[in-house]
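Trainee: Below you will find the structure I want to go over with you.
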Amino acid sequence: MSWRIIVISKRAKLDYKLDHMVIRKDDVLKIHLSEISMLIIESTEVSLTTALLSELIRRKVKVVFCDEKRNPSSELLPYYGSHDTSSKVRQQASWGEDAKRNIWTEIITEKIRKQNEFLNRLGKKEASLLETYIQEIEYNDATNREGHAAKVYFNALFGKDFTRTLEVPINAALNYGYTIILSAMNREIVKSGYITQLGIFHDNMFNSFNLGSDLMEPFRPLVDEEVVKMMPEKFEHDEKIQLINLLNKTIIINGKEQYLNNAIGIYCRSVFDAINENDVSLIRFYNYEL
């Protein structure tokens, strides 16, 4: 099982040789491709061979490219993530509205539940208001309890003057962390044979990752918790590495301890089972403890 997250942050040449990714800098490092789950190219001074890219895609390694500011700007997705992709995509296109709304209601309820749990661990009094919102959630979140919860939640974490539109290190860290989680979700979506454009709730014509945006919602509080620990006054390389390492965090899912990177795969597959069967009880959410 792949487990390593590789970040290339300085000038280097990457190529492929005998099942290994070869990293040529001042010295030469070889990493077996079977160990790599994600490759993040943080510097624009990195060059890669097409032989390596082709092999990474074949082995379903997620590749994320960053811009000149070292922020994720694109990712590599294969045309065919599974042997039965055509069948899965037809199935995805025929998902019924009732099934999608049932799944979305469950996902968004779990997101607010995880936000509430985090506020409770911090001893924040606002947790009680989120508990109320959980009880008030209607089918397909028709009254937008998610939006109300988000305002209360972020103000409780970062202060009354905080908004998600401010250009501050906290928001930079949140956005970066969310992007890492989204990339991991997209990897599992494609690996399972589905496409990222067709979502359950998100339906933005300009968003290539509508389905990933849906599925990642309950995982956002993991990023929030890490950013609260950091409370960054700057957001640079060390802070980014700390957020990338979230994928190596251990959590509980389906009664077993798993790295977050692996837990995302278990969760995604359970959501696909749930929507295909229109049975929300099939969804496997993560927990912090047994």
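All residue names refer to the structure tokens as shown: chains lettered A, B, ... in order, residues numbered from 1 in each chain, ligands numbered from 1 in order.
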With DSSP run on the backbone, what are the alpha helix (DSSP H) residues within region 202-288 of chain A? I'd like them as a PyMOL selection string.

Mentor: chain A and resi 210-215+220-230+237-244+260-277

Trainee: Can you tell me, as a ChimeraX atom specification, which residues in region 2-83 of chain A count as strand (DSSP E or B) by DSSP?

Mentor: /A:4-8,12-17,20-24,28-32,36-41,46-48,62-66,72-76

Trainee: What are the nearest atom pairs, with distances in Å to one decimal, for all residues of region 164-236 of chain A that come at most 12 Å from region 96-110 of chain A, using only C-alpha atoms, set out by chain and rising residue number as a Markdown table?

Mentor:
```
| residue | atom | partner | partner_atom | distance |
| --- | --- | --- | --- | --- |
| A:Leu198 | CA | A:Lys100 | CA | 11.3 |
| A:Gly199 | CA | A:Lys100 | CA | 8.8 |
| A:Ile200 | CA | A:Lys100 | CA | 5.3 |
| A:Phe201 | CA | A:Trp104 | CA | 6.5 |
| A:His202 | CA | A:Trp104 | CA | 9.8 |
| A:Leu211 | CA | A:Trp104 | CA | 11.0 |
| A:Ser213 | CA | A:Ile107 | CA | 11.4 |
| A:Asp214 | CA | A:Trp104 | CA | 7.7 |
| A:Leu215 | CA | A:Ile107 | CA | 7.5 |
| A:Met216 | CA | A:Ile107 | CA | 9.0 |
| A:Glu217 | CA | A:Ile108 | CA | 6.9 |
| A:Pro218 | CA | A:Glu110 | CA | 5.9 |
| A:Phe219 | CA | A:Glu110 | CA | 9.4 |
| A:Arg220 | CA | A:Glu110 | CA | 10.9 |
| A:Pro221 | CA | A:Glu110 | CA | 10.6 |
```

Trainee: Could you give me, as JSON lines, a per-residue list for region 190-237 of chain A showing, wherever an atom lies at most 7 Å from an atom of region 165-184 of chain A, the closest pair of atoms and their distance in Å to one decimal, using only C-alpha atoms and sorting by chain then residue number from low to high?

Mentor:
```
{"residue": "A:Gly212", "atom": "CA", "partner": "A:Leu182", "partner_atom": "CA", "distance": 5.9}
{"residue": "A:Ser213", "atom": "CA", "partner": "A:Leu182", "partner_atom": "CA", "distance": 6.7}
{"residue": "A:Met216", "atom": "CA", "partner": "A:Leu182", "partner_atom": "CA", "distance": 6.2}
{"residue": "A:Arg220", "atom": "CA", "partner": "A:Tyr178", "partner_atom": "CA", "distance": 6.5}
{"residue": "A:Val223", "atom": "CA", "partner": "A:Gly177", "partner_atom": "CA", "distance": 5.7}
{"residue": "A:Asp224", "atom": "CA", "partner": "A:Leu174", "partner_atom": "CA", "distance": 6.6}
{"residue": "A:Val227", "atom": "CA", "partner": "A:Ala173", "partner_atom": "CA", "distance": 6.6}
{"residue": "A:Met231", "atom": "CA", "partner": "A:Ile170", "partner_atom": "CA", "distance": 6.6}
{"residue": "A:Pro232", "atom": "CA", "partner": "A:Pro169", "partner_atom": "CA", "distance": 5.9}
{"residue": "A:Glu233", "atom": "CA", "partner": "A:Pro169", "partner_atom": "CA", "distance": 6.0}
{"residue": "A:Lys234", "atom": "CA", "partner": "A:Pro169", "partner_atom": "CA", "distance": 5.4}
{"residue": "A:Phe235", "atom": "CA", "partner": "A:Pro169", "partner_atom": "CA", "distance": 5.4}
```

Trainee: For CA of Arg58 (chain A) and CA of Ser87 (chain A), determine how far apart the two atoms are, in Å to one decimal place.

Mentor: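 CA of Ser87 (chain A) lies 19.6 Å from CA of Arg58 (chain A).
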
Trainee: List the spatial neighbours of Asn71 (chain A) as a compact mmCIF listing (two decimals) with C-alpha atoms, in the first residue's frame - criterion: any atom at most 10 Å away, only C-alpha atoms, same-chain residues fewer than 2 positions off excluded.

Mentor:
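Written output follows (selection-v8.txt):
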```
# COMPACT_ATOMS: atom_id res chain seq x y z
CA ILE A 41 5.86 19.70 -7.04
CA GLU A 42 6.22 22.87 -4.99
CA SER A 43 8.89 24.62 -7.09
CA VAL A 64 -0.03 18.17 -7.56
CA PHE A 65 1.70 21.12 -9.22
CA CYS A 66 2.24 24.49 -7.50
CA ASP A 67 2.54 27.97 -9.00
CA GLU A 68 5.30 30.53 -8.59
CA LYS A 69 3.93 31.38 -5.13
CA SER A 73 -2.55 25.29 -8.89
CA SER A 74 -3.29 22.04 -10.75
CA ALA A 172 -3.86 30.99 3.41
CA ASN A 175 -7.04 27.14 1.82
CA TYR A 176 -3.80 25.20 1.39
CA THR A 179 -6.60 21.85 -1.30
CA GLU A 236 5.64 29.56 4.25
CA LYS A 240 2.86 23.94 4.33
```

Trainee: Would you please work out which residue, of A:Asp141, A:Arg284, A:Ile275, A:Ile244, is nearest to Ser94 (chain A) when using only C-alpha atoms?

Mentor: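 Closest residue, counting only C-alpha atoms: A:Ile275.
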